[in-house]
Structures are given as structure tokens and as C-alpha cells.
Amino acid sequence: MHILQLCPRVPFPPHDGGAIAMYDVAAGLARAGHQVTVLAANTPKHQQSAEVLSHLPRVRLLTVPVDTRLNPVKALKNLFLGNLPYNVERFVSQQMVAELTQLLRTERFDVVQVEGTFVAWYVDVIRAEAPNLPVVLRAHNVEHTIWKMLAERERNPIKAVYLHHLANGLKRFEEKYLPRFNAVAAITAPDQRRLRAMGCPEPVVFVPAGVDLSRFQIDSAIQPKPKTLFMIGSLNWLPNLEGFDWFLTNVWPYVHERMPELELHIAGKDTPERIMRLKGGNVFVHGFVESAAEFMQRYEIMIVPLLSGGGMRIKIIEGMALAKCIISTGLGSEGISVRNDHDIVLCDEPSEWINRIESYYKGELNQVKIGQAARQTILSTYDNLQVVNHFVDLYRSLAASGV
């Protein structure tokens, strides 16, 4: 098959959740013998050379420069006159329309996979040029639910009003555009239910994000430092930053007072300067790390204090693949097939976090057993080979049904 994959950014390097999910599917499809054309917005934030996927046989990358930088004037204009939510409007590009149109007119594709809400607007372009071509939406998140949660916890009243405006605009957009696809692949079962409730026609299938296990092999030469917690994730994503701030304010001061030898290690792309300046209190900020797998293996307990968000936390399944014991909020683990105290540790209230961390500190938490169970969960459910097979089955079912 020849798959056209439409992406809101170049899916390389595979360092954060969105890029990893897109890259691994493209690479997996190619390894399975399929041809993949990746058409991606080349944004200032994730600027890449058009050659960055040349190492993948049967994958061709085409990039279009799209300026998605936040513009206060455009944001204000959108607030009063915009027909699309500003989060989506930033990805609308006439050059992208022209490139997409040219591809559809001159090449034969078996299916188009659109990666997420922010490029869902282009479904109408595809429909106009190739009305019989199956178009699949891969729903990385139900975006409006994330912004709604952020708005509800925002203490600045002006920011809260604007976040509510964005959430409401995204909700209207998703309710209008997502049902226009021939099929939707939800990344979690809860999102699958949300998408069906929004009116998306069947098939609305659950296809989780996977782990390319070749990138996450356990290195026996790396022994984790005792009495250490770590957190890793892109700190340019508001839910990650919100969770980190919450943990540092509501949990860490009490943990540090009661367990003075315990260390907290933080790594993440685009770490804000105010976090980079943190010193003392056994908090160590590493900023961006080249190898997430190596960083994860240097410390013992992974923490995911997520308070808002949707979709799947890719870093959790990567940590599980490395047999890490993970302490997470219930929301952080949403959509991942885990069981509390079996292959993950779940807690929400600050007091629960403190107690769970203290049990680890005192040697009462069997983190090795929990980590081993976590890796088995990944091997049985989240291997990227299985994920790719799910997508191929979906594409073939659409072709068989004559869509």
C-alpha cells in the first residue's frame, strides 16, 4: 500500500510523544513493506531538514514551511473574528493546501492518515480532490478536553477566560470536523468513547501508541542510583509543566523534609529558564537529554504527576518498556492497560504521593517486581509491531468496504 501521512510537524527526532507516535508508525509501515509519503508542516519550533527521514527505506518526506509561532495580534483578531480556533488556524497554510492538492492529483494513494486535530481541517481539501480515497484520523488527543481542564484550574481570571474560549472553540471544531473522516483511530479507550459521543461514525477503533523496543533495550551496564526519583517530558507542553509545578509545590517540600537523602531529577525539552535555575533541595535539572532511555535507567522511580491532558503518555509506556516502577496520577495512566500496585503505582492526593514515596524510601515498595510486570505489559500489548498491524488491518477493512 501507499500511505499518505499528513503531520502537523516533522516527526523527527523521536524525542517527544507526538513525534514518537508519528515516526514509529511511518517507520513500522515501511518495515512492513509499505510505501509512506509524509507531508509535514515544517514549523519554526520543530524546524528540520527535508532529509531527516532518509534513513528510512520506502519513506519520503515532503515539508512545507508553516509559521505556527504565537502572534498576539493574530490571536486577538482570532478572538473576535476567527472562524477556526486559534490553535487550528495557526496550521492552516495555502502552501500546504497547494502541495497536498498536487500530490492527490498526480499520485495514487491507498489511504490518507491525518495526524491529529490541528491538521484535521485539511480533510475538506482531500475530499474535494479525491472523494473516494479513505481518510483516517489518528486522534492523538481529544484536544478540547485538555484545554478545558487547563482552564478550570487556571487561577488568573483573564487567562482562564481565554483558555475557556480556546476550549469551546476546539470543541465546536472537533464536533464539526472529526465526524468527516472515514475512520478514527483513538489512541486510548476513553478517547474512543469520547469520539463516539461526538458523533464520529464507525469505525472508531482503539489503536494505542506503541514502543519501538529496539530503542528501549535494558542496558545491564547502567545501574540506577538508589533513592532517586525522576521526571522526563517536554516542558513546552502545558499539562507537563502544570504537573511539575504542582508536584514541586504540593509534594516535594514535604518529601524532602522527611527524606533528605532522596533526589529528584528532571529532564525535558524546552525546559523553562525558571526551572533551569532551580538549585538546592536535592533537585537536579538536566534540561534536554539526548537519550531518554539512558536517562531513565540512571534513576530508580519515574514520576508522572499529570493533572490534565488526553491521549496517551508515551513516556509512561517507554518507562514501562525499561522495567521502571512508575508513580502516576490516575489521569496520567488513563488509557494505558495497567493495574495499580501490579505494573504501576497510582495516587492523586499529595498525601498519597508522600506516603507512596516514603514507602519506596524505606524499602517497602517492591519497585523491581512492579517494573518487571510493567515490561511484560508492554511486550504483550504495546509493541509497535502490533500497532502497525492494527493500522494495516484498518486500511484494508476500509478498502474492502469500498470506502
# chains A, B, ... in the order shown; residues from 1 in each chain; ligands from 1
$ closest_atom_pairs --of "region 173-230 of chain A" --to "region 293-316 of chain A" --cutoff "10 Å" --atoms "only C-alpha atoms" --output "JSON lines"
{"residue": "A:Ala186", "atom": "CA", "partner": "A:Gly311", "partner_atom": "CA", "distance": 8.0}
{"residue": "A:Ile187", "atom": "CA", "partner": "A:Gly311", "partner_atom": "CA", "distance": 5.8}
{"residue": "A:Thr188", "atom": "CA", "partner": "A:Gly311", "partner_atom": "CA", "distance": 6.0}
{"residue": "A:Ala189", "atom": "CA", "partner": "A:Gly311", "partner_atom": "CA", "distance": 9.2}
{"residue": "A:Pro190", "atom": "CA", "partner": "A:Gly311", "partner_atom": "CA", "distance": 8.5}
{"residue": "A:Asp191", "atom": "CA", "partner": "A:Gly311", "partner_atom": "CA", "distance": 6.8}
{"residue": "A:Gln192", "atom": "CA", "partner": "A:Gly311", "partner_atom": "CA", "distance": 9.8}
{"residue": "A:Pro208", "atom": "CA", "partner": "A:Met312", "partner_atom": "CA", "distance": 7.7}
{"residue": "A:Ala209", "atom": "CA", "partner": "A:Ile314", "partner_atom": "CA", "distance": 7.0}
{"residue": "A:Gly210", "atom": "CA", "partner": "A:Ile314", "partner_atom": "CA", "distance": 7.9}
{"residue": "A:Val211", "atom": "CA", "partner": "A:Ile314", "partner_atom": "CA", "distance": 8.1}
{"residue": "A:Arg215", "atom": "CA", "partner": "A:Ala293", "partner_atom": "CA", "distance": 7.6}
{"residue": "A:Phe216", "atom": "CA", "partner": "A:Ala293", "partner_atom": "CA", "distance": 6.1}
{"residue": "A:Gln217", "atom": "CA", "partner": "A:Ala293", "partner_atom": "CA", "distance": 8.1}
{"residue": "A:Ile218", "atom": "CA", "partner": "A:Gln297", "partner_atom": "CA", "distance": 7.8}
{"residue": "A:Asp219", "atom": "CA", "partner": "A:Gln297", "partner_atom": "CA", "distance": 7.9}
{"residue": "A:Ser220", "atom": "CA", "partner": "A:Gln297", "partner_atom": "CA", "distance": 9.4}
{"residue": "A:Ala221", "atom": "CA", "partner": "A:Gln297", "partner_atom": "CA", "distance": 9.8}
{"residue": "A:Ile222", "atom": "CA", "partner": "A:Arg298", "partner_atom": "CA", "distance": 6.4}
{"residue": "A:Gln223", "atom": "CA", "partner": "A:Arg298", "partner_atom": "CA", "distance": 6.3}
{"residue": "A:Pro224", "atom": "CA", "partner": "A:Arg298", "partner_atom": "CA", "distance": 4.3}
{"residue": "A:Lys225", "atom": "CA", "partner": "A:Tyr299", "partner_atom": "CA", "distance": 5.2}
{"residue": "A:Pro226", "atom": "CA", "partner": "A:Glu300", "partner_atom": "CA", "distance": 6.5}
{"residue": "A:Lys227", "atom": "CA", "partner": "A:Glu300", "partner_atom": "CA", "distance": 7.1}
{"residue": "A:Thr228", "atom": "CA", "partner": "A:Glu300", "partner_atom": "CA", "distance": 5.5}
{"residue": "A:Leu229", "atom": "CA", "partner": "A:Ile301", "partner_atom": "CA", "distance": 4.7}
{"residue": "A:Phe230", "atom": "CA", "partner": "A:Met302", "partner_atom": "CA", "distance": 5.0}
$ select_by_dssp --residues "region 299-400 of chain A" --states "strand (DSSP E or B)" --output "PyMOL selection string"
chain A and resi 299-304+325-328+340+344-346+383
$ residues_around --residues "Ala292 (chain A)" --least-positions-apart "6" --cutoff "10 Å" --atoms "only C-alpha atoms" --output "PyMOL selection string"
chain A and resi 15-16+215-216+232-233+267-268+315+318-319
$ closest_residue --among "A:Met22, A:Lys45, A:Glu99, A:Lys159" --to "Asn236 (chain A)" --atoms "only C-alpha atoms"
A:Lys45
$ select_by_dssp --residues "region 104-349 of chain A" --states "alpha helix (DSSP H)" --output "JSON, numbers by chain"
{"A": [104, 105, 106, 123, 124, 125, 126, 127, 128, 129, 143, 144, 145, 146, 147, 148, 149, 150, 151, 152, 153, 157, 158, 159, 160, 161, 162, 163, 164, 165, 166, 167, 168, 169, 170, 171, 172, 173, 174, 175, 176, 177, 189, 190, 191, 192, 193, 194, 195, 196, 197, 238, 239, 240, 241, 242, 243, 244, 245, 246, 247, 248, 249, 250, 252, 253, 254, 255, 256, 257, 258, 273, 274, 275, 276, 292, 293, 294, 295, 296, 297, 314, 315, 316, 317, 318, 319, 320, 321]}
$ residues_around --residues "Leu379 (chain A)" --least-positions-apart "4" --cutoff "9 Å" --atoms "only C-alpha atoms" --output "list in words"
Leu213, Ala321, Ala374, Arg375 and Asp383 of chain A
$ write_last_selection --atoms "N, CA and C atoms" --output "short mmCIF file (atom, residue, chain, number, x, y, z; two decimals), in the first residue's frame"
data_model
loop_
_atom_site.label_atom_id
_atom_site.label_comp_id
_atom_site.auth_asym_id
_atom_site.auth_seq_id
_atom_site.Cartn_x
_atom_site.Cartn_y
_atom_site.Cartn_z
N LEU A 213 10.69 -1.34 20.48
CA LEU A 213 11.52 -1.95 21.51
C LEU A 213 13.01 -1.96 21.16
N ALA A 321 8.61 -0.05 29.31
CA ALA A 321 9.44 -0.91 28.46
C ALA A 321 10.82 -1.13 29.06
N ALA A 374 5.59 -4.28 34.55
CA ALA A 374 5.34 -3.22 33.56
C ALA A 374 5.93 -3.60 32.21
N ARG A 375 7.14 -4.14 32.19
CA ARG A 375 7.75 -4.53 30.92
C ARG A 375 6.95 -5.64 30.24
N ASP A 383 3.87 -3.34 21.86
CA ASP A 383 4.96 -3.46 20.89
C ASP A 383 4.51 -2.78 19.60
#
$ closest_residue --among "A:Leu365, A:Cys7, A:Leu100, A:Leu70" --to "Ala130 (chain A)" --atoms "only C-alpha atoms"
A:Leu100
$ residues_around --residues "region 26-32 of chain A" --least-positions-apart "2" --cutoff "9 Å" --atoms "only C-alpha atoms" --output "list in words"
Ile3, Gln5, Ala21, Met22, Tyr23, Asp24, His34, Gln35, Val36, Thr37, Val38, Leu56, Pro57, Arg58, Val59, Asp212, Asn384, Leu385, Val387, Val388, Asn389, Phe391 and Val392 of chain A
$ write_last_selection --atoms "C-alpha atoms" --output "PDB file, in the first residue's frame"
ATOM      1  CA  ILE A   3       0.019   5.705   2.627  1.00  0.00           C
ATOM      2  CA  GLN A   5       0.660  10.667   6.259  1.00  0.00           C
ATOM      3  CA  ALA A  21       3.878   8.275  17.717  1.00  0.00           C
ATOM      4  CA  MET A  22       4.081   9.588  14.135  1.00  0.00           C
ATOM      5  CA  TYR A  23       7.643   8.445  13.465  1.00  0.00           C
ATOM      6  CA  ASP A  24       7.149   4.918  14.775  1.00  0.00           C
ATOM      7  CA  HIS A  34       4.526  -0.371   2.579  1.00  0.00           C
ATOM      8  CA  GLN A  35       5.390   2.952   0.948  1.00  0.00           C
ATOM      9  CA  VAL A  36       4.837   6.077   3.061  1.00  0.00           C
ATOM     10  CA  THR A  37       4.785   9.682   1.898  1.00  0.00           C
ATOM     11  CA  VAL A  38       4.991  12.043   4.877  1.00  0.00           C
ATOM     12  CA  LEU A  56      14.002   5.000   6.492  1.00  0.00           C
ATOM     13  CA  PRO A  57      13.633   2.939   3.299  1.00  0.00           C
ATOM     14  CA  ARG A  58      10.304   3.463   1.483  1.00  0.00           C
ATOM     15  CA  VAL A  59       9.599   6.683   3.434  1.00  0.00           C
ATOM     16  CA  ASP A 212       9.786   0.519  19.243  1.00  0.00           C
ATOM     17  CA  ASN A 384       4.994  -1.137  17.855  1.00  0.00           C
ATOM     18  CA  LEU A 385       4.770  -4.137  15.505  1.00  0.00           C
ATOM     19  CA  VAL A 387       0.277  -1.180  16.486  1.00  0.00           C
ATOM     20  CA  VAL A 388       1.327  -1.115  12.829  1.00  0.00           C
ATOM     21  CA  ASN A 389      -0.620  -4.317  12.179  1.00  0.00           C
ATOM     22  CA  PHE A 391      -3.386   0.228  11.209  1.00  0.00           C
ATOM     23  CA  VAL A 392      -2.860  -2.071   8.230  1.00  0.00           C
TER      24      VAL A 392
END
$ residues_around --residues "Gln376 (chain A)" --least-positions-apart "3" --cutoff "9 Å" --atoms "only C-alpha atoms" --output "compact mmCIF listing (two decimals) with C-alpha atoms, in the first residue's frame"
# COMPACT_ATOMS: atom_id res chain seq x y z
CA MET A 320 7.47 0.57 31.38
CA ALA A 321 9.44 -0.91 28.46
CA ALA A 323 11.05 -2.03 33.53
CA ASP A 343 2.61 -2.76 36.95
CA GLY A 371 8.89 -2.71 36.94
CA GLN A 372 9.21 -6.25 35.64
CA ALA A 373 5.42 -6.55 35.41
CA LEU A 379 5.65 -6.81 25.44
CA SER A 380 2.11 -8.19 25.35
CA THR A 381 0.17 -5.05 24.34
$ closest_residue --among "A:Cys347, A:Leu84, A:Ile336, A:Val97" --to "Val66 (chain A)" --atoms "only C-alpha atoms"
A:Val97
$ closest_residue --among "A:Asn182, A:Ser93, A:Asn132, A:Asn240" --to "Ser397 (chain A)" --atoms "only C-alpha atoms"
A:Asn182
